[in-house]
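**Student:** Here you go, this is entry_37.pdb (PDB, C-alpha atoms).
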```
ATOM      1  CA  MET A   1     113.714  77.601  89.815
ATOM      2  CA  PHE A   2     113.208  80.471  92.232
ATOM      3  CA  GLY A   3     111.915  83.807  91.028
ATOM      4  CA  PHE A   4     109.608  86.367  92.578
ATOM      5  CA  SER A   5     107.294  86.018  89.599
ATOM      6  CA  ASN A   6     106.488  82.481  90.798
ATOM      7  CA  LEU A   7     105.568  83.708  94.276
ATOM      8  CA  ILE A   8     103.530  86.586  92.869
ATOM      9  CA  GLU A   9     101.561  84.156  90.707
ATOM     10  CA  ILE A  10     100.824  82.093  93.832
ATOM     11  CA  LEU A  11      99.589  85.208  95.648
ATOM     12  CA  LYS A  12      97.481  86.380  92.705
ATOM     13  CA  LYS A  13      95.464  83.178  93.012
ATOM     14  CA  SER A  14      94.908  83.835  96.729
ATOM     15  CA  PRO A  15      95.684  87.451  97.727
ATOM     16  CA  LYS A  16      96.836  87.950 101.317
ATOM     17  CA  LYS A  17      96.930  90.738 103.892
ATOM     18  CA  ILE A  18     100.246  91.517 105.564
ATOM     19  CA  VAL A  19     100.663  93.720 108.621
ATOM     20  CA  PHE A  20     103.632  96.069 108.934
ATOM     21  CA  THR A  21     104.262  97.052 112.542
ATOM     22  CA  GLU A  22     106.246 100.202 111.707
ATOM     23  CA  GLY A  23     103.716 102.185 109.700
ATOM     24  CA  THR A  24     105.563 105.514 109.569
ATOM     25  CA  ASP A  25     108.917 104.116 108.425
ATOM     26  CA  ALA A  26     109.818 105.445 104.961
ATOM     27  CA  ARG A  27     111.020 102.020 103.773
ATOM     28  CA  ILE A  28     107.738 100.415 104.826
ATOM     29  CA  LEU A  29     105.783 103.178 103.106
ATOM     30  CA  GLU A  30     107.733 102.810  99.868
ATOM     31  CA  ALA A  31     107.228  99.043  99.836
ATOM     32  CA  SER A  32     103.525  99.474 100.680
ATOM     33  CA  SER A  33     103.101 101.959  97.842
ATOM     34  CA  ARG A  34     104.571  99.419  95.435
ATOM     35  CA  LEU A  35     102.354  96.633  96.798
ATOM     36  CA  LEU A  36      99.259  98.828  96.500
ATOM     37  CA  ALA A  37      99.983  99.262  92.802
ATOM     38  CA  SER A  38      99.412  95.505  92.465
ATOM     39  CA  ASN A  39      96.496  93.323  93.491
ATOM     40  CA  PHE A  40      98.149  90.316  95.103
ATOM     41  CA  LEU A  41      99.165  91.580  98.557
ATOM     42  CA  HIS A  42      97.369  94.153 100.687
ATOM     43  CA  PRO A  43      99.324  96.065 103.373
ATOM     44  CA  ILE A  44      97.976  96.842 106.834
ATOM     45  CA  LEU A  45      99.944  99.639 108.518
ATOM     46  CA  VAL A  46      99.967  99.924 112.318
ATOM     47  CA  GLY A  47      99.998 103.454 113.683
ATOM     48  CA  LYS A  48      98.108 106.725 113.848
ATOM     49  CA  PRO A  49      96.487 107.517 110.474
ATOM     50  CA  ASP A  50      97.457 111.202 110.462
ATOM     51  CA  GLU A  51     101.101 110.419 111.289
ATOM     52  CA  ILE A  52     101.300 107.707 108.634
ATOM     53  CA  GLN A  53      99.667 109.899 105.981
ATOM     54  CA  GLU A  54     101.970 112.804 106.855
ATOM     55  CA  ALA A  55     105.057 110.559 106.669
ATOM     56  CA  ALA A  56     103.917 109.191 103.303
ATOM     57  CA  GLU A  57     103.306 112.671 101.879
ATOM     58  CA  GLU A  58     106.676 113.942 103.093
ATOM     59  CA  ALA A  59     108.426 110.966 101.499
ATOM     60  CA  GLY A  60     106.342 111.222  98.316
ATOM     61  CA  PHE A  61     104.667 107.795  98.440
ATOM     62  CA  ASN A  62     101.073 107.104  97.472
ATOM     63  CA  ILE A  63      99.487 104.794 100.048
ATOM     64  CA  ARG A  64      95.849 105.398  99.147
ATOM     65  CA  GLY A  65      94.001 102.145  99.680
ATOM     66  CA  ALA A  66      96.220 100.936 102.517
ATOM     67  CA  GLN A  67      94.431  99.803 105.652
ATOM     68  CA  ILE A  68      95.697 101.752 108.651
ATOM     69  CA  ILE A  69      94.888 100.482 112.143
ATOM     70  CA  ASP A  70      95.566 102.552 115.236
ATOM     71  CA  PRO A  71      95.836 100.522 118.465
ATOM     72  CA  ASP A  72      94.398 103.500 120.376
ATOM     73  CA  ASN A  73      91.221 103.494 118.254
ATOM     74  CA  PHE A  74      90.738  99.839 117.329
ATOM     75  CA  ASP A  75      87.064  98.882 117.366
ATOM     76  CA  ARG A  76      87.795  95.286 118.368
ATOM     77  CA  MET A  77      90.222  96.062 121.194
ATOM     78  CA  ASP A  78      87.999  94.542 123.901
ATOM     79  CA  GLU A  79      87.906  91.284 121.935
ATOM     80  CA  MET A  80      91.677  91.442 121.415
ATOM     81  CA  VAL A  81      92.324  92.041 125.115
ATOM     82  CA  GLU A  82      90.122  89.095 126.069
ATOM     83  CA  MET A  83      91.922  86.787 123.631
ATOM     84  CA  PHE A  84      95.321  88.066 124.787
ATOM     85  CA  CYS A  85      94.466  87.349 128.427
ATOM     86  CA  GLU A  86      93.359  83.838 127.511
ATOM     87  CA  LEU A  87      96.575  83.203 125.598
ATOM     88  CA  ARG A  88      98.671  84.498 128.515
ATOM     89  CA  LYS A  89      96.547  83.175 131.386
ATOM     90  CA  SER A  90      99.387  80.978 132.638
ATOM     91  CA  LYS A  91     101.251  84.213 133.360
ATOM     92  CA  GLY A  92      98.256  85.764 135.137
ATOM     93  CA  VAL A  93      98.011  88.707 132.738
ATOM     94  CA  THR A  94      95.253  91.169 133.697
ATOM     95  CA  PRO A  95      93.143  93.152 131.177
ATOM     96  CA  GLU A  96      94.974  96.319 132.227
ATOM     97  CA  GLN A  97      98.348  94.695 131.571
ATOM     98  CA  ALA A  98      97.062  93.348 128.256
ATOM     99  CA  ARG A  99      95.981  96.814 127.098
ATOM    100  CA  GLU A 100      99.376  98.226 128.009
ATOM    101  CA  THR A 101     101.195  95.468 126.123
ATOM    102  CA  LEU A 102      98.900  95.802 123.111
ATOM    103  CA  SER A 103      99.687  99.504 122.857
ATOM    104  CA  HIS A 104     103.016  98.356 121.411
ATOM    105  CA  ALA A 105     102.860  97.796 117.668
ATOM    106  CA  ASN A 106     104.790  94.512 117.690
ATOM    107  CA  TYR A 107     102.271  92.862 120.039
ATOM    108  CA  PHE A 108      99.270  94.557 118.440
ATOM    109  CA  GLY A 109     100.328  93.479 114.952
ATOM    110  CA  THR A 110     100.921  89.898 116.093
ATOM    111  CA  MET A 111      97.409  89.788 117.551
ATOM    112  CA  LEU A 112      95.993  91.006 114.218
ATOM    113  CA  VAL A 113      97.449  87.813 112.728
ATOM    114  CA  LYS A 114      96.173  85.692 115.611
ATOM    115  CA  MET A 115      92.645  87.096 115.123
ATOM    116  CA  GLY A 116      92.748  86.435 111.366
ATOM    117  CA  ILE A 117      92.590  90.112 110.432
ATOM    118  CA  ALA A 118      95.973  89.714 108.721
ATOM    119  CA  ASP A 119      97.499  86.599 107.172
ATOM    120  CA  ALA A 120     101.124  87.449 107.912
ATOM    121  CA  LEU A 121     103.381  89.964 109.661
ATOM    122  CA  LEU A 122     106.646  91.639 108.742
ATOM    123  CA  GLY A 123     108.471  93.655 111.397
ATOM    124  CA  GLY A 124     111.939  94.586 112.486
ATOM    125  CA  ALA A 125     112.736  97.669 110.390
ATOM    126  CA  THR A 126     113.237  99.445 113.727
ATOM    127  CA  TYR A 127     112.635  96.586 116.190
ATOM    128  CA  SER A 128     115.205  93.987 117.222
ATOM    129  CA  THR A 129     114.761  90.373 116.156
ATOM    130  CA  ALA A 130     113.832  89.530 119.756
ATOM    131  CA  ASP A 131     111.028  92.120 119.688
ATOM    132  CA  THR A 132     109.552  90.393 116.625
ATOM    133  CA  VAL A 133     110.075  86.806 117.761
ATOM    134  CA  ARG A 134     108.934  87.197 121.384
ATOM    135  CA  PRO A 135     105.300  88.149 120.622
ATOM    136  CA  ALA A 136     105.162  85.430 117.975
ATOM    137  CA  LEU A 137     106.309  82.779 120.459
ATOM    138  CA  GLN A 138     103.894  83.982 123.127
ATOM    139  CA  LEU A 139     100.814  84.431 120.920
ATOM    140  CA  ILE A 140     101.168  82.545 117.620
ATOM    141  CA  LYS A 141     103.272  79.754 119.138
ATOM    142  CA  THR A 142     105.007  76.875 117.403
ATOM    143  CA  LYS A 143     103.346  74.402 115.078
ATOM    144  CA  PRO A 144     102.254  71.030 116.499
ATOM    145  CA  GLY A 145     105.319  68.822 116.747
ATOM    146  CA  ASN A 146     107.753  71.751 116.752
ATOM    147  CA  LYS A 147     109.658  72.703 119.881
ATOM    148  CA  ILE A 148     111.606  75.694 118.590
ATOM    149  CA  VAL A 149     111.447  78.617 116.208
ATOM    150  CA  SER A 150     114.353  78.584 113.789
ATOM    151  CA  SER A 151     115.299  80.457 110.642
ATOM    152  CA  CYS A 152     116.836  80.156 107.231
ATOM    153  CA  PHE A 153     118.098  82.420 104.500
ATOM    154  CA  ILE A 154     117.276  81.801 100.861
ATOM    155  CA  MET A 155     120.371  82.665  98.861
ATOM    156  CA  VAL A 156     119.967  83.549  95.165
ATOM    157  CA  ARG A 157     122.701  84.234  92.614
ATOM    158  CA  GLN A 158     121.493  85.646  89.330
ATOM    159  CA  ALA A 159     122.537  83.719  86.238
ATOM    160  CA  ALA A 160     123.273  85.431  82.924
ATOM    161  CA  ILE A 161     121.903  82.397  81.111
ATOM    162  CA  GLY A 162     119.638  79.674  82.457
ATOM    163  CA  ASP A 163     118.281  79.208  85.955
ATOM    164  CA  ASN A 164     119.401  81.239  88.945
ATOM    165  CA  GLU A 165     121.456  79.412  91.572
ATOM    166  CA  VAL A 166     119.414  79.015  94.757
ATOM    167  CA  MET A 167     120.220  77.499  98.128
ATOM    168  CA  ALA A 168     118.975  77.531 101.724
ATOM    169  CA  MET A 169     121.064  78.116 104.872
ATOM    170  CA  GLY A 170     120.019  77.628 108.501
ATOM    171  CA  ASP A 171     119.943  78.565 111.287
ATOM    172  CA  CYS A 172     121.611  81.942 110.748
ATOM    173  CA  ALA A 173     119.618  84.119 113.145
ATOM    174  CA  ILE A 174     117.797  82.488 116.059
ATOM    175  CA  ASN A 175     119.333  79.467 117.821
ATOM    176  CA  ILE A 176     122.810  80.207 119.169
ATOM    177  CA  LYS A 177     124.042  76.695 119.992
ATOM    178  CA  PRO A 178     121.399  74.221 118.812
ATOM    179  CA  THR A 179     121.384  70.709 120.245
ATOM    180  CA  GLU A 180     121.329  67.572 118.083
ATOM    181  CA  ASP A 181     117.534  67.398 118.230
ATOM    182  CA  GLU A 182     117.192  71.109 117.496
ATOM    183  CA  LEU A 183     119.479  70.712 114.475
ATOM    184  CA  VAL A 184     117.184  67.963 113.209
ATOM    185  CA  GLU A 185     114.159  70.246 113.514
ATOM    186  CA  ILE A 186     116.067  73.089 111.834
ATOM    187  CA  ALA A 187     117.051  70.808 108.950
ATOM    188  CA  LEU A 188     113.554  69.473 108.322
ATOM    189  CA  GLU A 189     112.025  72.959 108.494
ATOM    190  CA  CYS A 190     114.702  74.379 106.174
ATOM    191  CA  ALA A 191     114.051  71.594 103.664
ATOM    192  CA  GLU A 192     110.315  72.331 103.643
ATOM    193  CA  CYS A 193     110.983  76.048 103.243
ATOM    194  CA  ALA A 194     113.439  75.354 100.417
ATOM    195  CA  LYS A 195     110.726  73.538  98.448
ATOM    196  CA  ILE A 196     108.563  76.674  98.448
ATOM    197  CA  PHE A 197     111.347  78.481  96.610
ATOM    198  CA  GLY A 198     111.816  75.863  93.929
ATOM    199  CA  ILE A 199     114.700  74.024  95.587
ATOM    200  CA  ASP A 200     114.747  70.226  95.498
ATOM    201  CA  PRO A 201     116.444  69.969  98.898
ATOM    202  CA  LYS A 202     119.669  68.036  99.329
ATOM    203  CA  VAL A 203     120.658  68.571 102.939
ATOM    204  CA  ALA A 204     124.232  68.831 104.242
ATOM    205  CA  PHE A 205     125.002  68.868 107.985
ATOM    206  CA  LEU A 206     128.204  70.908 107.863
ATOM    207  CA  SER A 207     131.337  70.294 109.921
ATOM    208  CA  TYR A 208     135.132  70.513 109.792
ATOM    209  CA  SER A 209     135.000  66.724 109.285
ATOM    210  CA  THR A 210     133.665  64.528 106.489
ATOM    211  CA  LEU A 211     132.251  61.164 107.556
ATOM    212  CA  GLY A 212     134.696  60.570 110.366
ATOM    213  CA  SER A 213     137.816  62.291 109.018
ATOM    214  CA  GLY A 214     137.910  64.509 112.114
ATOM    215  CA  LYS A 215     137.202  63.891 115.787
ATOM    216  CA  GLY A 216     135.519  65.832 118.548
ATOM    217  CA  GLU A 217     132.189  66.497 120.201
ATOM    218  CA  ASP A 218     131.228  69.080 117.563
ATOM    219  CA  VAL A 219     131.764  66.442 114.877
ATOM    220  CA  ASP A 220     129.738  63.905 116.853
ATOM    221  CA  LYS A 221     126.884  66.400 117.211
ATOM    222  CA  MET A 222     126.561  66.962 113.474
ATOM    223  CA  ARG A 223     126.952  63.251 112.646
ATOM    224  CA  ASN A 224     124.328  62.232 115.201
ATOM    225  CA  ALA A 225     121.945  64.964 114.064
ATOM    226  CA  ALA A 226     122.286  63.847 110.444
ATOM    227  CA  GLN A 227     121.552  60.240 111.390
ATOM    228  CA  LYS A 228     118.481  61.251 113.410
ATOM    229  CA  ALA A 229     117.220  63.369 110.522
ATOM    230  CA  LYS A 230     117.642  60.453 108.104
ATOM    231  CA  ARG A 231     115.532  58.249 110.356
ATOM    232  CA  LEU A 232     112.772  60.865 110.608
ATOM    233  CA  ALA A 233     112.803  61.739 106.889
ATOM    234  CA  PRO A 234     114.033  58.664 104.989
ATOM    235  CA  ASP A 235     112.974  60.094 101.619
ATOM    236  CA  LEU A 236     114.918  63.330 102.091
ATOM    237  CA  PRO A 237     118.497  63.277 100.733
ATOM    238  CA  ILE A 238     120.720  64.017 103.752
ATOM    239  CA  GLU A 239     124.455  63.794 104.326
ATOM    240  CA  GLY A 240     126.583  64.502 107.358
ATOM    241  CA  GLU A 241     128.786  65.248 108.931
ATOM    242  CA  ILE A 242     130.389  66.806 105.849
ATOM    243  CA  GLN A 243     132.795  69.621 105.007
ATOM    244  CA  PHE A 244     131.558  72.420 102.779
ATOM    245  CA  ASP A 245     133.902  71.639  99.893
ATOM    246  CA  ALA A 246     132.727  68.036  99.790
ATOM    247  CA  ALA A 247     129.124  69.200  99.995
ATOM    248  CA  VAL A 248     129.292  71.444  96.916
ATOM    249  CA  ASP A 249     132.203  70.330  94.725
ATOM    250  CA  PRO A 250     131.640  67.055  92.813
ATOM    251  CA  ARG A 251     135.369  66.584  92.330
ATOM    252  CA  VAL A 252     136.089  66.838  96.060
ATOM    253  CA  ALA A 253     133.055  64.689  96.796
ATOM    254  CA  ARG A 254     134.402  61.871  94.642
ATOM    255  CA  THR A 255     137.524  61.851  96.804
ATOM    256  CA  LYS A 256     135.972  62.274 100.245
ATOM    257  CA  CYS A 257     132.599  60.477  99.984
ATOM    258  CA  LYS A 258     132.175  58.968  96.539
ATOM    259  CA  ASP A 259     129.052  56.939  97.382
ATOM    260  CA  SER A 260     127.022  59.887  98.688
ATOM    261  CA  LYS A 261     123.942  61.055  96.772
ATOM    262  CA  VAL A 262     124.182  64.510  98.362
ATOM    263  CA  ALA A 263     127.908  65.266  98.348
ATOM    264  CA  GLY A 264     128.901  67.594  95.549
ATOM    265  CA  HIS A 265     125.298  68.665  94.961
ATOM    266  CA  ALA A 266     124.045  69.952  98.341
ATOM    267  CA  ASN A 267     121.809  73.027  98.317
ATOM    268  CA  THR A 268     120.384  73.117 101.852
ATOM    269  CA  PHE A 269     123.072  73.733 104.462
ATOM    270  CA  ILE A 270     122.715  73.150 108.200
ATOM    271  CA  PHE A 271     125.396  74.861 110.267
ATOM    272  CA  PRO A 272     126.546  73.680 113.709
ATOM    273  CA  ASP A 273     125.856  77.011 115.426
ATOM    274  CA  ILE A 274     124.871  80.620 114.797
ATOM    275  CA  ASN A 275     128.495  81.771 114.566
ATOM    276  CA  ALA A 276     129.228  79.544 111.601
ATOM    277  CA  ALA A 277     125.829  80.147 110.020
ATOM    278  CA  ASN A 278     125.882  83.925 110.227
ATOM    279  CA  ILE A 279     129.442  84.091 108.932
ATOM    280  CA  GLY A 280     128.680  81.575 106.191
ATOM    281  CA  TYR A 281     125.685  83.320 104.681
ATOM    282  CA  LYS A 282     127.445  86.694 104.780
ATOM    283  CA  ILE A 283     130.487  85.286 102.980
ATOM    284  CA  ALA A 284     128.164  83.936 100.288
ATOM    285  CA  GLN A 285     126.403  87.310 100.130
ATOM    286  CA  ARG A 286     129.459  89.561 100.039
ATOM    287  CA  LEU A 287     132.042  87.461  98.210
ATOM    288  CA  GLY A 288     129.832  85.017  96.330
ATOM    289  CA  LYS A 289     127.450  87.775  95.114
ATOM    290  CA  PHE A 290     124.360  85.962  96.356
ATOM    291  CA  ASP A 291     121.257  87.955  97.281
ATOM    292  CA  ALA A 292     120.201  86.978 100.815
ATOM    293  CA  TYR A 293     116.484  86.794 101.616
ATOM    294  CA  GLY A 294     115.696  86.408 105.266
ATOM    295  CA  PRO A 295     115.847  85.550 108.019
ATOM    296  CA  ILE A 296     112.725  83.534 107.289
ATOM    297  CA  LEU A 297     111.283  82.337 110.587
ATOM    298  CA  LEU A 298     110.347  78.649 110.663
ATOM    299  CA  GLY A 299     108.223  76.546 112.977
ATOM    300  CA  LEU A 300     105.496  79.086 113.817
ATOM    301  CA  ASN A 301     101.750  78.588 113.369
ATOM    302  CA  ALA A 302     101.584  81.614 111.062
ATOM    303  CA  PRO A 303     104.109  83.414 108.839
ATOM    304  CA  ILE A 304     105.870  86.134 110.812
ATOM    305  CA  ASN A 305     109.215  87.455 109.616
ATOM    306  CA  ASP A 306     111.909  89.793 110.761
ATOM    307  CA  LEU A 307     113.681  92.513 108.785
ATOM    308  CA  SER A 308     117.207  93.709 109.242
ATOM    309  CA  ARG A 309     117.276  97.202 110.702
ATOM    310  CA  GLY A 310     119.644  98.068 107.865
ATOM    311  CA  CYS A 311     117.166  96.944 105.196
ATOM    312  CA  ASN A 312     116.082  99.043 102.230
ATOM    313  CA  ALA A 313     112.634  99.376 100.653
ATOM    314  CA  LEU A 314     113.332  96.724  98.007
ATOM    315  CA  GLU A 315     114.225  94.224 100.721
ATOM    316  CA  VAL A 316     110.994  95.076 102.561
ATOM    317  CA  TYR A 317     109.015  94.513  99.362
ATOM    318  CA  SER A 318     110.790  91.214  98.656
ATOM    319  CA  MET A 319     110.392  89.931 102.214
ATOM    320  CA  ALA A 320     106.710  90.893 102.199
ATOM    321  CA  ILE A 321     106.154  88.701  99.146
ATOM    322  CA  ILE A 322     108.127  85.826 100.683
ATOM    323  CA  THR A 323     106.294  86.114 104.015
ATOM    324  CA  ALA A 324     102.857  86.196 102.425
ATOM    325  CA  ALA A 325     103.707  83.278 100.125
ATOM    326  CA  LEU A 326     104.413  81.183 103.227
ATOM    327  CA  ALA A 327     100.770  81.676 104.204
TER     328      ALA A 327
END
```
Just give me the structure as structure tokens.
**Tutor:**
Amino acid sequence: MFGFSNLIEILKKSPKKIVFTEGTDARILEASSRLLASNFLHPILVGKPDEIQEAAEEAGFNIRGAQIIDPDNFDRMDEMVEMFCELRKSKGVTPEQARETLSHANYFGTMLVKMGIADALLGGATYSTADTVRPALQLIKTKPGNKIVSSCFIMVRQAAIGDNEVMAMGDCAINIKPTEDELVEIALECAECAKIFGIDPKVAFLSYSTLGSGKGEDVDKMRNAAQKAKRLAPDLPIEGEIQFDAAVDPRVARTKCKDSKVAGHANTFIFPDINAANIGYKIAQRLGKFDAYGPILLGLNAPINDLSRGCNALEVYSMAIITAALA
């Protein structure tokens, strides 16, 4: 079952480099200091070395050993500009425009991943989600076979005895009103992500209806998406459309869909839209006392993740481990 010790053991076998785009942020510096005390994940901080060192000293964090890269003094900038222009040639980007764009840490950091200098990126402590996702879409791009970038949250509730309770929820952060086909892609990506965190995925396409008990185009969308997903992944346990109570409560499941292998035991939840998803994970977090890790971006060619601007240093540290483990 999920625990950060499992992910750390994975990283110890193959240490990674992760780039932080906001090198002077105190939360980033605190998390980097903690990572530097280990040997499984090496931070790269984007920014001016003197400003980063001064910020670290003022905050009282030891970042000796961190790699600091300044876009204004990067010895491979000509190579980066050339690669950037090639990646954006359909937009007619000139070298001058590329240099201007690459002066921004979110684009510069993303290109460090593209060039293989870093294995992963974590941004968003001061940037919006769009400012993290846009460079990733333009430069890293989606994996072969994927048409969208989506996201999931890994939800963990600590158990006093035995295994922690862990589940996955998507898409809580990126796609506002996903289509049937987009929901299928979200579900399959969420299931693969869930496996990394020790979840044996049982996927529920959530609705206000359970297997035809309600009517409407929103019900049809979730039912059709579930059926398409079953055809694409016949070995993956999938149910839908299904109400949340039937998805998680065995007693309710016996009444509403007694023959289902997923109902009553679902742990990977696909919501019909971002409204429901965002509300759902926050209810679990605030009232259900689950820790929420994410949003974890899915479907990209390399692990790039977004922080909440309200995050703390522990969340940065945790998301850094999760992001690097995806590499």
**Student:** What lies within 10 Å of Thr94 of chain A using all atoms listed in the file, ignoring chain neighbours under 4 positions off, as a short mmCIF file (atom, residue, chain, number, x, y, z; two decimals) with C-alpha atoms, keeping the file's coordinate frame?
**Tutor:**
```cif
data_model
loop_
_atom_site.label_atom_id
_atom_site.label_comp_id
_atom_site.auth_asym_id
_atom_site.auth_seq_id
_atom_site.Cartn_x
_atom_site.Cartn_y
_atom_site.Cartn_z
CA VAL A 81 92.32 92.04 125.12
CA GLU A 82 90.12 89.10 126.07
CA PHE A 84 95.32 88.07 124.79
CA CYS A 85 94.47 87.35 128.43
CA GLU A 86 93.36 83.84 127.51
CA ARG A 88 98.67 84.50 128.51
CA LYS A 89 96.55 83.18 131.39
CA ALA A 98 97.06 93.35 128.26
CA ARG A 99 95.98 96.81 127.10
CA GLU A 100 99.38 98.23 128.01
#
```
**Student:** Taking the file above as input, evaluate the PyMOL selection byres ((chain A and resi 14) around 12) and report the hits as a PyMOL selection string.
**Tutor:** chain A and resi 7-13+15-17+39-42+119+324-327
**Student:** Edge lengths and centre in Å to one decimal, as AutoDock Vina command-line options, of the axis-aligned box that encloses all listed atoms of segment 41-57 of chain A with 3 Å added on every side?
**Tutor:**
```
--center_x 100.8 --center_y 102.2 --center_z 106.2 --size_x 14.6 --size_y 27.2 --size_z 21.3
```
**Student:** Which residue gives the smallest distance to Asp25 of chain A among A:Ile52, A:Ile69, A:Leu298, A:Met169, with only C-alpha atoms counted?
**Tutor:**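 Once distances to Asp25 of chain A are computed over only C-alpha atoms, the minimum belongs to A:Ile52.
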**Student:** For the contact check between segment 99-189 of chain A and segment 216-222 of chain A, emit one row per residue of segment 99-189 of chain A within 9 Å, containing the shortest atom pair and the distance in Å rounded to one decimal, counting only C-alpha atoms, chain then rising number order, as a tab-separated table.
**Tutor:**
```
residue	atom	partner	partner_atom	distance
A:Thr179	CA	A:Lys221	CA	7.6
A:Glu180	CA	A:Lys221	CA	5.7
A:Leu183	CA	A:Met222	CA	8.1
```
**Student:** At a cut-off of 7 Å, using all atoms listed in the file, what residues contact Phe271 of chain A? Leave out same-chain residues fewer than 2 positions from it and give the result as a ChimeraX atom specification.
**Tutor:** /A:170-171,205-206,269,273,276-277
**Student:** Between A:Asp78, A:Glu54, A:Glu165, A:Asp131, single out the one closest to Lys289 of chain A, counting all atoms listed in the file.
**Tutor:** A:Glu165
**Student:** If you count only C-alpha atoms, which residues fall within 10 Å of Arg157 of chain A, apart from same-chain ones fewer than 2 positions away, as an MDAnalysis selection string?
**Tutor:** chainID A and resid 155 159:160 163:167 284:285 288:292
**Student:** For Leu297 of chain A, which residue among A:Glu239, A:Glu182, A:Glu96, A:Glu189 is the nearest when counting all atoms listed in the file?
**Tutor:**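 Going through A:Glu239, A:Glu182, A:Glu96, A:Glu189 one by one, the smallest distance to Leu297 of chain A is for A:Glu189.
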**Student:** Selection in question (the file shown): the PyMOL selection byres ((chain A and resi 311) around 12). Which residues does it include, as a PyMOL selection string?
**Tutor:** chain A and resi 25-28+31+123-127+292-295+306-310+312-319
**Student:** Starting from the sparse input, extend segment 291-304 of chain A to N, CA and C atoms and give the output as an mmCIF file, in the coordinates of the input.
**Tutor:**
```
data_model
loop_
_atom_site.group_PDB
_atom_site.id
_atom_site.type_symbol
_atom_site.label_atom_id
_atom_site.label_comp_id
_atom_site.auth_asym_id
_atom_site.auth_seq_id
_atom_site.Cartn_x
_atom_site.Cartn_y
_atom_site.Cartn_z
ATOM 1 N N ASP A 291 122.246 87.146 96.569
ATOM 2 C CA ASP A 291 121.257 87.955 97.281
ATOM 3 C C ASP A 291 120.727 87.106 98.436
ATOM 4 N N ALA A 292 120.643 87.708 99.623
ATOM 5 C CA ALA A 292 120.201 86.978 100.815
ATOM 6 C C ALA A 292 118.798 87.426 101.203
ATOM 7 N N TYR A 293 117.862 86.500 101.228
ATOM 8 C CA TYR A 293 116.484 86.794 101.616
ATOM 9 C C TYR A 293 116.195 86.125 102.953
ATOM 10 N N GLY A 294 115.960 86.957 103.958
ATOM 11 C CA GLY A 294 115.696 86.408 105.266
ATOM 12 C C GLY A 294 116.114 87.384 106.352
ATOM 13 N N PRO A 295 116.135 86.922 107.618
ATOM 14 C CA PRO A 295 115.847 85.550 108.019
ATOM 15 C C PRO A 295 114.364 85.218 107.901
ATOM 16 N N ILE A 296 114.082 84.045 107.364
ATOM 17 C CA ILE A 296 112.725 83.534 107.289
ATOM 18 C C ILE A 296 112.501 82.672 108.527
ATOM 19 N N LEU A 297 111.541 83.069 109.354
ATOM 20 C CA LEU A 297 111.283 82.337 110.587
ATOM 21 C C LEU A 297 110.495 81.062 110.292
ATOM 22 N N LEU A 298 110.928 79.970 110.910
ATOM 23 C CA LEU A 298 110.347 78.649 110.663
ATOM 24 C C LEU A 298 109.808 78.061 111.963
ATOM 25 N N GLY A 299 108.748 77.265 111.825
ATOM 26 C CA GLY A 299 108.223 76.546 112.977
ATOM 27 C C GLY A 299 107.044 77.201 113.660
ATOM 28 N N LEU A 300 106.634 78.400 113.206
ATOM 29 C CA LEU A 300 105.496 79.086 113.817
ATOM 30 C C LEU A 300 104.173 78.663 113.162
ATOM 31 N N ASN A 301 103.083 78.917 113.877
ATOM 32 C CA ASN A 301 101.750 78.588 113.369
ATOM 33 C C ASN A 301 101.260 79.539 112.287
ATOM 34 N N ALA A 302 101.951 80.653 112.103
ATOM 35 C CA ALA A 302 101.584 81.614 111.062
ATOM 36 C C ALA A 302 102.864 82.301 110.599
ATOM 37 N N PRO A 303 102.882 82.800 109.352
ATOM 38 C CA PRO A 303 104.109 83.414 108.839
ATOM 39 C C PRO A 303 104.371 84.792 109.434
ATOM 40 N N ILE A 304 105.423 84.880 110.217
ATOM 41 C CA ILE A 304 105.870 86.134 110.812
ATOM 42 C C ILE A 304 107.363 86.223 110.546
#
```
